[in-house]
>>> print(open('structure_33.txt').read())   # compact mmCIF, C-alpha atoms
# COMPACT_ATOMS: atom_id res chain seq x y z
CA MET A 1 0.00 0.00 0.00
CA LEU A 2 2.81 2.39 0.87
CA ILE A 3 4.48 1.86 -2.50
CA ASN A 4 1.21 2.49 -4.36
CA THR A 5 0.64 5.66 -2.34
CA LEU A 6 4.19 6.82 -3.11
CA LEU A 7 3.68 6.16 -6.84
CA LEU A 8 0.44 8.16 -6.78
CA ALA A 9 2.22 11.07 -5.10
CA LEU A 10 5.07 11.00 -7.63
CA ARG A 11 2.61 10.82 -10.53
CA SER A 12 0.78 13.87 -9.20
CA ILE A 13 4.05 15.79 -8.91
CA GLN A 14 5.04 14.78 -12.44
CA ARG A 15 1.78 16.10 -13.87
CA ASN A 16 2.62 19.63 -12.66
CA LEU A 17 6.41 19.87 -12.93
CA MET A 18 6.62 23.67 -13.19
CA ARG A 19 4.30 24.21 -10.23
CA SER A 20 6.14 21.58 -8.21
CA PHE A 21 9.49 23.28 -8.93
CA LEU A 22 8.16 26.69 -7.89
CA THR A 23 6.69 25.10 -4.77
CA ILE A 24 10.02 23.68 -3.60
CA LEU A 25 12.00 26.79 -4.56
CA GLY A 26 11.63 28.22 -1.05
CA ILE A 27 12.95 24.97 0.46
CA VAL A 28 15.87 24.94 -2.01
CA ILE A 29 16.83 28.51 -1.15
CA GLY A 30 16.44 27.92 2.58
CA VAL A 31 18.51 24.72 2.71
CA SER A 32 21.24 26.08 0.46
CA ALA A 33 21.41 29.34 2.45
CA VAL A 34 21.67 27.57 5.81
CA ILE A 35 24.36 25.12 4.67
CA THR A 36 26.35 27.79 2.82
CA MET A 37 26.31 30.21 5.76
CA VAL A 38 27.33 27.54 8.26
CA THR A 39 30.03 26.12 5.97
CA LEU A 40 31.55 29.54 5.30
CA GLY A 41 31.35 30.39 9.00
CA ASN A 42 33.16 27.17 9.94
CA GLY A 43 35.75 27.88 7.27
CA ALA A 44 36.29 31.40 8.62
CA THR A 45 36.67 30.01 12.15
CA LEU A 46 39.25 27.48 10.96
CA ALA A 47 41.10 30.20 9.03
CA VAL A 48 41.29 32.36 12.16
CA GLN A 49 42.59 29.44 14.22
CA ASN A 50 45.20 28.57 11.58
CA GLN A 51 46.37 32.16 11.26
CA ILE A 52 46.64 32.65 15.01
CA SER A 53 48.49 29.35 15.39
CA GLY A 54 50.82 30.60 12.64
CA LEU A 55 52.08 33.19 15.12
CA GLY A 56 53.50 30.34 17.17
CA THR A 57 52.62 27.27 19.19
CA ASN A 58 51.49 27.97 22.77
CA LEU A 59 52.88 31.46 22.35
CA LEU A 60 52.96 34.29 24.87
CA GLN A 61 53.80 37.80 23.66
CA VAL A 62 55.21 40.18 26.30
CA ARG A 63 55.13 43.87 25.34
CA PRO A 64 55.74 47.17 27.17
CA GLY A 65 52.63 49.05 28.30
CA GLN A 66 49.64 48.07 30.40
CA ARG A 67 47.67 46.73 27.42
CA MET A 68 47.82 46.35 23.66
CA GLY A 69 46.60 48.95 21.19
CA PRO A 70 46.15 52.75 21.34
CA GLY A 71 46.53 54.31 24.76
CA SER A 72 48.41 51.31 26.09
CA GLY A 73 51.18 53.37 27.54
CA GLY A 74 53.71 51.53 25.38
CA ALA A 75 55.41 54.77 24.36
CA THR A 76 56.32 55.75 27.93
CA ALA A 77 56.82 52.28 29.41
CA PRO A 78 60.47 51.15 29.37
CA SER A 79 61.40 48.60 26.73
CA PHE A 80 62.93 45.21 27.51
CA LYS A 81 66.53 44.09 27.25
CA ASP A 82 67.84 40.91 25.68
CA VAL A 83 68.93 39.69 29.13
CA ASP A 84 65.24 39.69 30.16
CA ALA A 85 64.70 36.87 27.66
CA ASP A 86 67.63 34.94 29.16
CA ALA A 87 66.19 35.40 32.66
CA ILE A 88 62.77 34.07 31.63
CA ALA A 89 64.30 31.08 29.85
CA SER A 90 66.44 30.14 32.85
CA GLN A 91 64.05 30.89 35.74
CA ILE A 92 60.55 29.98 34.46
CA GLY A 93 59.61 26.32 33.97
CA GLY A 94 57.47 24.85 31.18
CA ILE A 95 59.06 26.98 28.46
CA THR A 96 60.50 25.75 25.14
CA ALA A 97 62.12 28.94 23.87
CA VAL A 98 62.26 32.68 24.54
CA ALA A 99 63.13 35.14 21.78
CA PRO A 100 63.84 38.86 22.25
CA GLU A 101 62.50 40.75 19.24
CA ALA A 102 63.16 44.25 17.89
CA ARG A 103 61.60 45.54 14.68
CA THR A 104 61.99 48.44 12.33
CA GLY A 105 60.77 49.31 8.87
CA ALA A 106 63.31 49.69 6.08
CA THR A 107 63.68 49.71 2.32
CA VAL A 108 65.75 46.72 1.20
CA VAL A 109 67.60 46.84 -2.12
CA ALA A 110 69.03 44.14 -4.39
CA ASN A 111 69.54 43.67 -8.15
CA GLY A 112 68.42 47.21 -8.86
CA ARG A 113 65.06 46.55 -7.14
CA ASN A 114 63.77 47.81 -3.82
CA TRP A 115 61.05 46.72 -1.44
CA THR A 116 59.75 48.20 1.81
CA SER A 117 59.76 45.52 4.46
CA SER A 118 59.84 44.80 8.16
CA VAL A 119 63.34 44.08 9.46
CA THR A 120 63.38 41.92 12.59
CA GLY A 121 66.31 41.48 14.92
CA SER A 122 66.29 38.37 17.11
CA THR A 123 67.98 35.03 17.83
CA ASN A 124 67.46 31.51 16.49
CA ALA A 125 64.78 31.07 19.16
CA TRP A 126 62.61 33.41 17.05
CA LEU A 127 62.28 30.59 14.50
CA ILE A 128 61.03 28.23 17.22
CA THR A 129 58.53 30.61 18.81
CA GLY A 130 57.04 31.57 15.42
CA ASN A 131 56.94 28.03 13.96
CA TRP A 132 59.25 29.13 11.13
CA LYS A 133 60.94 26.56 8.92
CA ILE A 134 64.00 27.19 6.79
CA ALA A 135 63.32 26.22 3.17
CA SER A 136 66.99 26.47 2.21
CA GLY A 137 70.20 27.59 3.84
CA ARG A 138 70.87 27.72 7.57
CA MET A 139 70.18 29.64 10.77
CA PHE A 140 72.60 31.99 12.55
CA SER A 141 75.75 30.64 14.17
CA ASP A 142 76.60 31.55 17.78
CA ALA A 143 79.56 33.59 16.57
CA GLU A 144 77.34 35.61 14.19
CA LEU A 145 74.85 36.31 16.97
CA ARG A 146 77.55 37.47 19.40
CA ALA A 147 79.41 39.60 16.88
CA GLY A 148 76.35 41.13 15.22
CA SER A 149 77.50 39.94 11.80
CA ALA A 150 76.00 41.27 8.56
CA VAL A 151 73.98 38.16 7.72
CA CYS A 152 70.23 37.67 7.26
CA LEU A 153 67.38 35.29 6.51
CA ILE A 154 64.63 36.49 4.18
CA GLY A 155 60.98 35.57 3.63
CA GLU A 156 59.54 34.21 0.41
CA THR A 157 58.00 37.55 -0.62
CA ILE A 158 61.37 39.34 -0.39
CA ARG A 159 63.06 36.55 -2.35
CA ARG A 160 60.42 36.63 -5.08
CA GLU A 161 60.24 40.41 -5.44
CA LEU A 162 63.98 41.14 -5.37
CA TYR A 163 65.59 38.06 -6.86
CA GLY A 164 62.90 36.36 -8.98
CA SER A 165 64.38 33.25 -10.58
CA ILE A 166 67.92 34.07 -9.41
CA PRO A 167 69.12 31.93 -6.46
CA ALA A 168 69.14 34.23 -3.44
CA LEU A 169 71.40 32.21 -1.13
CA GLY A 170 74.80 33.86 -0.78
CA GLU A 171 73.63 37.07 -2.45
CA GLN A 172 73.93 40.52 -0.89
CA LEU A 173 70.93 42.47 0.43
CA ARG A 174 71.27 46.12 1.36
CA VAL A 175 69.28 47.11 4.47
CA LYS A 176 69.50 50.87 4.98
CA LYS A 177 73.26 51.52 5.13
CA ILE A 178 74.54 47.98 5.56
CA SER A 179 74.86 45.10 3.14
CA CYS A 180 74.17 41.66 4.57
CA THR A 181 74.74 38.19 3.16
CA ILE A 182 71.66 36.00 2.75
CA ILE A 183 72.32 32.71 4.55
CA GLY A 184 68.77 31.30 4.60
CA ILE A 185 65.34 31.43 2.96
CA LEU A 186 62.32 31.05 5.26
CA ALA A 187 59.50 28.72 4.22
CA SER A 188 56.34 30.55 3.18
CA LYS A 189 53.62 31.13 5.81
CA GLY A 190 51.25 33.30 3.75
CA GLN A 191 48.80 35.84 5.12
CA GLY A 192 48.75 36.58 8.83
CA SER A 193 45.81 36.81 11.21
CA PHE A 194 45.52 40.56 10.70
CA GLY A 195 45.81 40.52 6.90
CA ASN A 196 49.56 41.14 6.83
CA ASP A 197 52.01 39.24 4.63
CA GLN A 198 54.11 37.14 7.00
CA ASP A 199 56.64 36.36 4.25
CA GLU A 200 57.56 40.03 3.91
CA VAL A 201 60.31 39.80 6.51
CA VAL A 202 64.07 40.15 6.84
CA LEU A 203 65.58 38.51 9.94
CA VAL A 204 68.99 39.65 11.21
CA PRO A 205 70.82 38.93 14.49
CA LEU A 206 69.51 41.13 17.30
CA LYS A 207 72.90 42.80 17.87
CA THR A 208 73.17 43.53 14.14
CA LEU A 209 69.87 45.41 14.20
CA GLN A 210 70.75 47.27 17.38
CA ARG A 211 74.30 48.29 16.45
CA ARG A 212 74.12 48.81 12.69
CA ILE A 213 70.49 49.69 11.85
CA THR A 214 68.55 51.26 14.75
CA GLY A 215 71.47 52.42 16.89
CA ASN A 216 69.79 51.48 20.19
CA THR A 217 69.47 48.44 22.44
CA LEU A 218 65.67 48.46 22.74
CA VAL A 219 63.76 45.17 22.63
CA ASN A 220 60.11 45.67 21.67
CA THR A 221 58.74 42.20 22.39
CA LEU A 222 59.60 39.02 24.24
CA LEU A 223 58.21 35.92 22.52
CA VAL A 224 57.74 32.97 24.87
CA SER A 225 56.89 29.51 23.51
CA MET A 226 55.46 27.17 26.16
CA MET A 227 55.78 23.39 26.23
CA ASN A 228 52.73 21.33 25.30
CA GLY A 229 50.62 20.74 28.39
CA SER A 230 52.05 23.70 30.27
CA ASP A 231 49.67 25.70 32.43
CA SER A 232 49.56 29.08 30.69
CA SER A 233 48.16 30.81 33.78
CA ARG A 234 51.07 29.58 35.91
CA VAL A 235 53.64 30.53 33.26
CA LYS A 236 52.08 34.01 32.83
CA ALA A 237 52.07 34.53 36.59
CA GLY A 238 55.74 33.50 36.80
CA ILE A 239 56.74 35.82 33.96
CA THR A 240 54.77 38.70 35.49
CA GLN A 241 56.41 38.26 38.88
CA LEU A 242 59.89 37.95 37.38
CA LEU A 243 59.53 41.04 35.18
CA ARG A 244 58.10 43.10 38.04
CA GLU A 245 61.23 42.28 40.03
CA ARG A 246 63.56 43.04 37.13
CA ARG A 247 61.76 46.31 36.35
CA LYS A 248 61.81 47.24 40.09
CA LEU A 249 58.06 47.74 40.47
CA ALA A 250 56.73 48.23 44.00
CA ASP A 251 53.81 46.19 45.35
CA GLY A 252 51.35 49.02 44.71
CA ASP A 253 52.62 49.79 41.20
CA GLU A 254 50.70 48.62 38.14
CA ASP A 255 52.43 46.44 35.58
CA ASN A 256 54.10 48.50 32.87
CA PHE A 257 54.00 45.54 30.49
CA ASN A 258 51.35 43.11 29.26
CA VAL A 259 51.37 39.38 28.54
CA LEU A 260 49.17 38.19 25.65
CA ASP A 261 48.26 34.52 25.29
CA THR A 262 47.67 33.89 21.55
CA LYS A 263 45.63 30.76 22.37
CA GLN A 264 43.15 32.86 24.32
CA LEU A 265 43.07 35.31 21.42
CA ALA A 266 42.32 32.46 19.02
CA ASP A 267 39.56 31.14 21.28
CA THR A 268 38.00 34.61 21.55
CA LEU A 269 38.04 35.24 17.80
CA SER A 270 36.79 31.72 17.09
CA GLY A 271 33.95 32.19 19.56
CA THR A 272 32.98 35.43 17.84
CA THR A 273 32.88 33.82 14.39
CA LYS A 274 30.87 30.88 15.74
CA VAL A 275 28.25 33.24 17.19
CA MET A 276 28.05 35.10 13.87
CA THR A 277 27.72 31.78 12.03
CA ALA A 278 24.86 30.73 14.29
CA LEU A 279 23.08 34.06 13.76
CA LEU A 280 23.47 33.90 9.98
CA GLY A 281 22.28 30.28 9.98
CA ALA A 282 19.22 31.24 12.03
CA VAL A 283 18.36 34.08 9.66
CA ALA A 284 18.76 31.77 6.66
CA ALA A 285 16.55 29.15 8.35
CA VAL A 286 13.62 31.59 8.24
CA SER A 287 13.42 31.02 4.47
CA LEU A 288 12.80 27.33 5.22
CA LEU A 289 9.64 28.28 7.09
CA VAL A 290 8.61 30.48 4.17
CA GLY A 291 9.14 27.51 1.88
CA GLY A 292 6.98 25.36 4.16
CA ILE A 293 4.16 27.89 3.96
CA GLY A 294 4.48 27.75 0.17
CA ILE A 295 4.12 23.97 0.25
CA MET A 296 1.00 24.23 2.42
CA ASN A 297 -0.55 26.76 0.06
CA ILE A 298 0.07 24.67 -3.07
CA MET A 299 -1.14 21.49 -1.34
CA LEU A 300 -4.41 23.23 -0.41
CA VAL A 301 -4.81 24.28 -4.05
CA SER A 302 -4.06 20.71 -5.12
CA VAL A 303 -6.71 19.33 -2.75
CA THR A 304 -9.27 21.74 -4.17
CA GLU A 305 -8.39 20.84 -7.76
CA ARG A 306 -8.60 17.11 -7.08
CA THR A 307 -11.78 17.11 -5.02
CA ARG A 308 -13.63 14.79 -7.43
CA GLU A 309 -10.66 12.40 -7.55
CA ILE A 310 -10.60 12.28 -3.75
CA GLY A 311 -14.37 11.73 -3.61
CA LEU A 312 -14.11 8.89 -6.14
CA ARG A 313 -11.35 7.18 -4.15
CA LEU A 314 -13.34 7.45 -0.93
CA ALA A 315 -16.50 6.23 -2.66
CA ILE A 316 -14.89 3.03 -3.96
CA GLY A 317 -13.53 2.10 -0.55
CA ALA A 318 -10.32 4.04 0.08
CA LEU A 319 -9.72 4.65 3.77
CA GLU A 320 -9.25 8.10 5.23
CA ARG A 321 -5.72 7.23 6.35
CA GLU A 322 -4.81 6.19 2.79
CA VAL A 323 -5.92 9.55 1.40
CA LEU A 324 -4.18 11.32 4.27
CA LEU A 325 -1.00 9.34 3.58
CA GLN A 326 -1.13 10.09 -0.14
CA PHE A 327 -1.15 13.85 0.28
CA LEU A 328 1.26 13.74 3.22
CA ILE A 329 3.77 11.72 1.19
CA GLU A 330 3.35 14.15 -1.70
CA ALA A 331 4.26 17.07 0.59
CA VAL A 332 7.22 15.19 2.09
CA VAL A 333 8.52 14.18 -1.35
CA LEU A 334 8.34 17.80 -2.50
CA SER A 335 10.18 19.15 0.53
CA SER A 336 12.76 16.33 0.52
CA LEU A 337 13.45 16.91 -3.16
CA GLY A 338 13.93 20.59 -2.36
CA GLY A 339 16.33 19.60 0.42
CA ILE A 340 18.44 17.42 -1.91
CA ILE A 341 18.64 20.13 -4.58
CA GLY A 342 19.48 22.67 -1.86
CA ILE A 343 22.37 20.50 -0.57
CA VAL A 344 23.83 20.12 -4.07
CA LEU A 345 23.48 23.86 -4.71
CA ALA A 346 25.01 24.72 -1.33
CA THR A 347 28.03 22.47 -1.99
CA GLY A 348 28.77 24.28 -5.24
CA MET A 349 28.25 27.73 -3.69
CA SER A 350 30.39 26.88 -0.66
CA LEU A 351 33.27 25.64 -2.80
CA GLY A 352 33.14 28.73 -5.02
CA LEU A 353 32.81 31.27 -2.19
CA SER A 354 35.48 29.55 -0.06
CA SER A 355 37.91 29.83 -2.95
CA LEU A 356 36.91 33.46 -3.56
CA MET A 357 37.24 34.40 0.12
CA GLN A 358 40.44 32.35 0.49
CA ILE A 359 39.19 30.36 3.45
CA PRO A 360 39.29 26.55 3.81
CA TYR A 361 36.24 24.57 2.70
CA THR A 362 35.03 22.29 5.47
CA PHE A 363 32.35 19.73 4.69
CA ASN A 364 30.05 19.28 7.68
CA PRO A 365 27.94 16.11 7.28
CA GLY A 366 25.94 16.96 10.41
CA VAL A 367 24.70 20.30 9.03
CA ASN A 368 23.84 18.73 5.66
CA LEU A 369 21.94 15.85 7.26
CA LEU A 370 20.16 18.14 9.72
CA SER A 371 19.10 20.50 6.92
CA PHE A 372 17.71 17.60 4.89
CA LEU A 373 15.81 16.15 7.87
CA PHE A 374 14.48 19.63 8.71
CA SER A 375 13.22 20.08 5.15
CA ALA A 376 11.46 16.69 5.32
CA ALA A 377 9.98 17.64 8.70
CA ILE A 378 8.64 20.84 7.17
CA GLY A 379 6.87 18.69 4.55
CA VAL A 380 5.19 16.72 7.34
CA LEU A 381 4.34 19.82 9.38
CA PHE A 382 2.93 21.96 6.58
CA GLY A 383 1.52 19.09 4.56
CA TYR A 384 -0.53 17.58 7.37
CA PHE A 385 -3.35 20.15 7.37
CA PRO A 386 -4.08 19.90 3.60
CA ALA A 387 -3.80 16.09 3.80
CA ARG A 388 -6.24 15.94 6.73
CA ARG A 389 -8.63 18.21 4.88
CA ALA A 390 -8.56 15.84 1.89
CA ALA A 391 -9.04 12.73 4.07
CA ARG A 392 -12.09 14.18 5.87
CA MET A 393 -14.04 15.05 2.74
CA ASP A 394 -17.60 13.80 2.36
CA PRO A 395 -17.49 11.49 -0.71
CA ILE A 396 -20.96 12.57 -1.89
CA GLU A 397 -20.16 16.28 -1.65
CA ALA A 398 -16.79 15.68 -3.28
CA LEU A 399 -18.36 13.89 -6.27
CA ARG A 400 -20.77 16.82 -6.77
CA HIS A 401 -17.86 19.28 -6.91
CA GLU A 402 -17.36 21.00 -10.25
>>> encode(input="structure_33.txt", output="structure tokens")
Amino acid sequence: MLINTLLLALRSIQRNLMRSFLTILGIVIGVSAVITMVTLGNGATLAVQNQISGLGTNLLQVRPGQRMGPGSGGATAPSFKDVDADAIASQIGGITAVAPEARTGATVVANGRNWTSSVTGSTNAWLITGNWKIASGRMFSDAELRAGSAVCLIGETIRRELYGSIPALGEQLRVKKISCTIIGILASKGQGSFGNDQDEVVLVPLKTLQRRITGNTLVNTLLVSMMNGSDSSRVKAGITQLLRERRKLADGDEDNFNVLDTKQLADTLSGTTKVMTALLGAVAAVSLLVGGIGIMNIMLVSVTERTREIGLRLAIGALEREVLLQFLIEAVVLSSLGGIIGIVLATGMSLGLSSLMQIPYTFNPGVNLLSFLFSAAIGVLFGYFPARRAARMDPIEALRHE
């Protein structure tokens, strides 16, 4: 009986293909919108997490000033010294590496070309804290770090823009007034979490930057990479206490530095994108309800058009539940078909938009399955009233209908 009822429902849909397509259009749009919004939101969340993790694994950033951003007091707060990094590395447990970092902007020149870039002065620990890999060449030797030698490592963007197809290893790169020998090429990391190009970097020994480029001994940032499983709260508290002692702050004085945990930053940004994804998905789900109302409307029209057919079926012995099931299955088939088309459409849109927005595409089987089941449930919900109306018709009155 169920198969016969299903065949009757499919035959009825086939007789009015254009009307059936327009009926399920709301479901198609709703399902595709929900899946696309959620997929893009998940992709954006993953992109944020990847970009933040690109800053370094279990990374703490220690900067002068009471907080980050404008009005942080960073301009008046004293900078760090390279020995502060040594103190943290030797006195605080649960730490993998500590890198003192100083930065300045400069125009670098090679082969008759120039490029404005960030020049960073640090130690080999900078490569560990930032998850940097060396694509070719080597890192600094201890002698080069102590002497402040004129050597450097460059990012992929600098290599591409200044050297092109020419091998860059061993070549000279002029940074302001000094010329340094390129001893290593850093592996590409791409765009950063704030839209910056991470490969647009020149790394020199810290003493080289201080003595030959900036002319001062200031250290802008201390980068601290924690061991896996380390308690970040304990490590932050230890660093805070140690730096307060080294900076001779009294008990009542506020910290004139701040410690940023990039994992907490990633969690905060990820939480924000997840909330936005949920809101966009909820807004898109409203169109599913609109599609359900469209199905109810068309099913009521269909019941009116087929009044004599319904009366004839009831007159020759069809049960009310069989008529009810016929129209209910017709509504469910329509909405389920809309759900399937919506999933296919959403997959194509998600792939295209993910590529356009340069975020990873993440297939979420749970969202796709839930959207399909929700579309089928809408068919049951909005198809029940027309189906019940058809099943409760008086056969005699139905046969008299013109």
>>> residues_around(input="structure_33.txt", residues="segment 144-158 of chain A", least_positions_apart="2", cutoff="6 Å", atoms="all atoms listed in the file", output="compact mmCIF listing (two decimals) with C-alpha atoms, in the coordinates of the input")
# COMPACT_ATOMS: atom_id res chain seq x y z
CA SER A 141 75.75 30.64 14.17
CA ASP A 142 76.60 31.55 17.78
CA ARG A 160 60.42 36.63 -5.08
CA GLU A 161 60.24 40.41 -5.44
CA LEU A 162 63.98 41.14 -5.37
CA CYS A 180 74.17 41.66 4.57
CA THR A 181 74.74 38.19 3.16
CA ILE A 182 71.66 36.00 2.75
CA ILE A 183 72.32 32.71 4.55
CA GLY A 184 68.77 31.30 4.60
CA ILE A 185 65.34 31.43 2.96
CA LEU A 186 62.32 31.05 5.26
CA SER A 188 56.34 30.55 3.18
CA ASP A 199 56.64 36.36 4.25
CA GLU A 200 57.56 40.03 3.91
CA VAL A 201 60.31 39.80 6.51
CA VAL A 202 64.07 40.15 6.84
CA LEU A 203 65.58 38.51 9.94
CA VAL A 204 68.99 39.65 11.21
CA PRO A 205 70.82 38.93 14.49
CA LYS A 207 72.90 42.80 17.87
CA THR A 208 73.17 43.53 14.14
>>> residues_around(input="structure_33.txt", residues="Leu334 of chain A", least_positions_apart="2", cutoff="8 Å", atoms="all atoms listed in the file", output="number ranges by chain")
A: 13, 20, 23-24, 295, 330-332, 336-338, 379
>>> closest_residue(input="structure_33.txt", among="A:Met18, A:Val34, A:Val275, A:Leu351", to="Leu369 of chain A", atoms="only C-alpha atoms")
A:Val34
>>> closest_residue(input="structure_33.txt", among="A:Ile343, A:Gly291, A:Lys177, A:Leu46", to="Thr273 of chain A", atoms="only C-alpha atoms")
A:Leu46
>>> closest_residue(input="structure_33.txt", among="A:Val323, A:Leu242, A:Arg138, A:Tyr361", to="Gly348 of chain A", atoms="only C-alpha atoms")
A:Tyr361
>>> closest_residue(input="structure_33.txt", among="A:Ala44, A:Ala33, A:Ala168, A:Leu7", to="Gln326 of chain A", atoms="all atoms listed in the file")
A:Leu7
>>> residues_around(input="structure_33.txt", residues="Lys81 of chain A", least_positions_apart="2", cutoff="7 Å", atoms="all atoms listed in the file", output="PyMOL selection string")
chain A and resi 79+83-84+218-219
>>> closest_residue(input="structure_33.txt", among="A:Ile88, A:Ala135, A:Leu243, A:Leu328", to="Ser225 of chain A", atoms="only C-alpha atoms")
A:Ile88
>>> atom_distance(input="structure_33.txt", atom1="atom CA of Gly342 of chain A", atom2="atom CA of Ile29 of chain A")
6.5 Å
>>> atom_distance(input="structure_33.txt", atom1="atom CA of Val109 of chain A", atom2="atom CA of Ser179 of chain A")
9.1 Å
>>> atom_distance(input="structure_33.txt", atom1="atom CA of Thr129 of chain A", atom2="atom CA of Thr107 of chain A")
25.8 Å
>>> closest_residue(input="structure_33.txt", among="A:Gly252, A:Gly383, A:Gly65, A:Gly26", to="Asn220 of chain A", atoms="only C-alpha atoms")
A:Gly65
>>> residues_around(input="structure_33.txt", residues="segment 85-87 of chain A", least_positions_apart="3", cutoff="9 Å", atoms="all atoms listed in the file", output="PDB file with C-alpha atoms, keeping the file's coordinate frame")
ATOM      1  CA  PHE A  80      62.930  45.210  27.510  1.00  0.00           C
ATOM      2  CA  LYS A  81      66.530  44.090  27.250  1.00  0.00           C
ATOM      3  CA  ASP A  82      67.840  40.910  25.680  1.00  0.00           C
ATOM      4  CA  SER A  90      66.440  30.140  32.850  1.00  0.00           C
ATOM      5  CA  GLN A  91      64.050  30.890  35.740  1.00  0.00           C
ATOM      6  CA  ILE A  92      60.550  29.980  34.460  1.00  0.00           C
ATOM      7  CA  VAL A  98      62.260  32.680  24.540  1.00  0.00           C
ATOM      8  CA  ALA A  99      63.130  35.140  21.780  1.00  0.00           C
ATOM      9  CA  PRO A 100      63.840  38.860  22.250  1.00  0.00           C
ATOM     10  CA  LEU A 222      59.600  39.020  24.240  1.00  0.00           C
ATOM     11  CA  LEU A 223      58.210  35.920  22.520  1.00  0.00           C
ATOM     12  CA  VAL A 224      57.740  32.970  24.870  1.00  0.00           C
ATOM     13  CA  LEU A 242      59.890  37.950  37.380  1.00  0.00           C
TER      14      LEU A 242
END
>>> residues_around(input="structure_33.txt", residues="Leu370 of chain A", least_positions_apart="2", cutoff="12 Å", atoms="all atoms listed in the file", output="number ranges by chain")
A: 31, 34-35, 38, 285, 336, 339-340, 343, 364-368, 372-377
>>> write_last_selection(input="structure_33.txt", atoms="C-alpha atoms", output="JSON list (two decimals), keeping the file's coordinate frame")
[["chain", "number", "residue", "atom", "x", "y", "z"],
["A", 31, "VAL", "CA", 18.51, 24.72, 2.71],
["A", 34, "VAL", "CA", 21.67, 27.57, 5.81],
["A", 35, "ILE", "CA", 24.36, 25.12, 4.67],
["A", 38, "VAL", "CA", 27.33, 27.54, 8.26],
["A", 285, "ALA", "CA", 16.55, 29.15, 8.35],
["A", 336, "SER", "CA", 12.76, 16.33, 0.52],
["A", 339, "GLY", "CA", 16.33, 19.60, 0.42],
["A", 340, "ILE", "CA", 18.44, 17.42, -1.91],
["A", 343, "ILE", "CA", 22.37, 20.50, -0.57],
["A", 364, "ASN", "CA", 30.05, 19.28, 7.68],
["A", 365, "PRO", "CA", 27.94, 16.11, 7.28],
["A", 366, "GLY", "CA", 25.94, 16.96, 10.41],
["A", 367, "VAL", "CA", 24.70, 20.30, 9.03],
["A", 368, "ASN", "CA", 23.84, 18.73, 5.66],
["A", 372, "PHE", "CA", 17.71, 17.60, 4.89],
["A", 373, "LEU", "CA", 15.81, 16.15, 7.87],
["A", 374, "PHE", "CA", 14.48, 19.63, 8.71],
["A", 375, "SER", "CA", 13.22, 20.08, 5.15],
["A", 376, "ALA", "CA", 11.46, 16.69, 5.32],
["A", 377, "ALA", "CA", 9.98, 17.64, 8.70]]
